[in-house]
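Asker: Structure provided below as structure tokens; questions to follow.
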Amino acid sequence: MERTLVIVKPDAVQRGLVGEIISRFEAAGFEIVRMRLARPSEDLVRRFYSEHEGKPHFARLVTYMTSGPSCFAELRREPAIEQARALCGATDPDDAAPGTIRGDLGIDLPRNSVHASDAPRSAEREIALIFGEEADHRPAAAGAAG
Ligand code: CDP
Ligand code: MG
């Protein structure tokens with residue numbers, strides 16, 4: 001089944017919106033595979049967002065993502081990537097449609113409340129970065145034996 005890495009970002013954790021945001025994914029049919037609250041190191045954030053290195057917003061993105069804890073969640077459904085990005089809405093909360101997470105809850109750039117992987121390969125890379133060092137306690141796929 002397709003997987004995605006969703007992050008409830010620091011602005012949303014700080015405002016007590018973890019439940020609200022994860023609920024939207026559950027209501028849309030996503031299953032939680034793994035989830036963890038943690039404040040990432042600067043090194044981890046730089047690696048996570050390495051494709052943004054050199055862009056004008058890179059420094060503020062790193063500062064923001066290390067400012068407090070985020071909720072990291074590996075979620076799955078079919079299809080996961082496209083559906084999760086649709087739930088999040090446009091990157092800039094000012095452009096995000098009402099009913100999307102960023103449209104309803106986002107503040108500005110970079111404080112747009114949520115991240116979702118942009119492609120299956122990104123999801124695999126991001127999940128490995130965030131959960132790679134952990135023992136794998138993922139539940140079996142729904143409907144699987146056992
Ligand atoms: O998160 P998404 O994939 O929608 O957007 P991105 O272009 O990959 O940018 C990653 C993150 O950088 C955004 O979610 C924002 O938090 C931040 N950003 C920013 O601060 N200023 C920009 N002009 C673009 C992105
Ligand atoms: Mg992106």
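A note on labels: chains of the structure tokens are A, B, ... as shown, every chain counts residues from 1, and ligands are counted from 1 in their shown order.
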Hey, what does DSSP flag as strand (DSSP E or B) within chain A? Can you give it to me as a VMD selection string?

Answerer: chain A and resid 3 to 8 31 to 38 70 to 76 114 to 116

Asker: Could you tell me, counting only C-alpha atoms and all ligand atoms, which protein and nucleic acid residues lie no more than 10 Å from ligand 1, written as a PyMOL selection string?

Answerer: chain A and resi 7+9+49+51-52+55-62+64-65+85+88-93+102+106+108-119

Asker: Would you list the contacts of range 15-30 of chain A as a JSON list (two decimals) with C-alpha atoms, in the first residue's frame, taking every protein, DNA or RNA residue within 12 Å and counting only C-alpha atoms, but skipping same-chain residues closer than 6 positions in sequence?

Answerer:
```
[["chain", "number", "residue", "atom", "x", "y", "z"],
["A", 1, "MET", "CA", 0.00, 0.00, 0.00],
["A", 2, "GLU", "CA", 1.24, 3.53, -0.73],
["A", 3, "ARG", "CA", 2.82, 5.36, 2.20],
["A", 4, "THR", "CA", 3.46, 9.01, 2.97],
["A", 5, "LEU", "CA", 5.31, 10.95, 5.63],
["A", 6, "VAL", "CA", 3.12, 13.59, 7.23],
["A", 7, "ILE", "CA", 4.50, 16.19, 9.64],
["A", 8, "VAL", "CA", 2.35, 18.28, 11.95],
["A", 9, "LYS", "CA", 4.79, 21.21, 12.03],
["A", 36, "ARG", "CA", 6.33, 10.20, 17.02],
["A", 37, "LEU", "CA", 6.59, 13.63, 18.64],
["A", 68, "GLY", "CA", 9.93, 23.12, 18.73],
["A", 69, "PRO", "CA", 8.56, 19.62, 18.46],
["A", 70, "SER", "CA", 6.76, 18.28, 15.41],
["A", 71, "CYS", "CA", 4.54, 15.22, 15.13],
["A", 72, "PHE", "CA", 6.00, 12.83, 12.52],
["A", 73, "ALA", "CA", 3.56, 10.27, 11.13],
["A", 74, "GLU", "CA", 3.93, 7.47, 8.61],
["A", 75, "LEU", "CA", 0.46, 7.06, 7.07],
["A", 76, "ARG", "CA", -0.90, 4.75, 4.41],
["A", 77, "ARG", "CA", -3.87, 4.41, 2.10],
["A", 78, "GLU", "CA", -4.38, 3.95, -1.64],
["A", 79, "PRO", "CA", -3.45, 6.41, -3.08],
["A", 80, "ALA", "CA", -1.60, 8.17, -0.25],
["A", 81, "ILE", "CA", 0.63, 10.78, -1.87],
["A", 83, "GLN", "CA", -4.68, 12.42, -1.33],
["A", 84, "ALA", "CA", -2.42, 13.71, 1.45],
["A", 85, "ARG", "CA", -1.21, 16.63, -0.67],
["A", 86, "ALA", "CA", -4.85, 17.48, -1.51],
["A", 87, "LEU", "CA", -5.78, 17.50, 2.19],
["A", 88, "CYS", "CA", -2.85, 19.84, 2.93],
["A", 99, "GLY", "CA", -11.37, 23.17, 3.74],
["A", 100, "THR", "CA", -7.70, 22.29, 3.30],
["A", 101, "ILE", "CA", -5.45, 22.06, 6.39],
["A", 102, "ARG", "CA", -3.23, 24.93, 5.33],
["A", 104, "ASP", "CA", -7.99, 26.54, 7.55],
["A", 105, "LEU", "CA", -5.08, 26.39, 10.00],
["A", 106, "GLY", "CA", -1.87, 27.63, 8.34],
["A", 107, "ILE", "CA", -0.45, 31.00, 9.38],
["A", 111, "ARG", "CA", 4.38, 28.31, 9.26],
["A", 113, "SER", "CA", 1.18, 23.67, 9.76],
["A", 114, "VAL", "CA", 1.69, 20.47, 7.78],
["A", 115, "HIS", "CA", 3.99, 18.54, 5.45],
["A", 116, "ALA", "CA", 3.17, 15.60, 3.16],
["A", 142, "ALA", "CA", -5.22, -4.35, 6.90]]
```

Asker: So how many Å separate CA of Arg121 in chain A and CA of Ser67 in chain A, to one decimal?

Answerer: 27.2 Å

Asker: Looking at A:Ala12, A:Val33, A:Ala123, A:Ala97, which one is nearest to ligand 2, with distances taken over only C-alpha atoms and all ligand atoms?

Answerer: A:Ala123

Asker: Any chance you could list, as a ChimeraX atom specification, the residues in range 70-126 of chain A that come up helix (DSSP H, G or I) when DSSP is run on the backbone?

Answerer: /A:81-88,101-105,120-126

Asker: Looking at A:Ala96, A:Glu31, A:Arg47, A:Ser122, which one is nearest to ligand 2, with distances taken over only C-alpha atoms and all ligand atoms?

Answerer: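 For ligand 2, the nearest of the candidates is A:Ser122.
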
Asker: Counting only C-alpha atoms, what is within 12 Å of Gly132 in chain A, bar same-chain residues fewer than 6 positions away, as a PyMOL selection string?

Answerer: chain A and resi 34+74+124-126

Asker: Keeping only N, CA and C atoms, take the residues you just selected and write them out as a short mmCIF file (atom, residue, chain, number, x, y, z; two decimals), in the first residue's frame.

Answerer:
```cif
data_model
loop_
_atom_site.label_atom_id
_atom_site.label_comp_id
_atom_site.auth_asym_id
_atom_site.auth_seq_id
_atom_site.Cartn_x
_atom_site.Cartn_y
_atom_site.Cartn_z
N ARG A 34 3.09 4.57 11.92
CA ARG A 34 3.98 4.93 13.03
C ARG A 34 3.83 6.43 13.27
N GLU A 74 3.95 8.28 9.83
CA GLU A 74 3.93 7.47 8.61
C GLU A 74 2.49 7.00 8.44
N GLU A 124 9.58 7.37 0.71
CA GLU A 124 10.51 6.33 1.18
C GLU A 124 11.74 6.97 1.82
N ARG A 125 12.27 8.00 1.17
CA ARG A 125 13.46 8.69 1.69
C ARG A 125 13.16 9.35 3.04
N GLU A 126 12.01 10.04 3.13
CA GLU A 126 11.65 10.77 4.35
C GLU A 126 11.34 9.82 5.50
#
```

Asker: Looking at A:Val13, A:Phe48, A:Asp95, A:Thr63, which one is nearest to ligand 2, with distances taken over only C-alpha atoms and all ligand atoms?

Answerer: A:Phe48

Asker: Using CA of Glu42 in chain A and CA of Asp94 in chain A as the two end points, give the distance in Å to one decimal.

Answerer: 27.3 Å

Asker: Grab the CA of Thr66 in chain A to CA of Ile127 in chain A distance for me, in Å with one decimal place.

Answerer: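 Going from CA of Thr66 in chain A over to CA of Ile127 in chain A, I get 18.1 Å.
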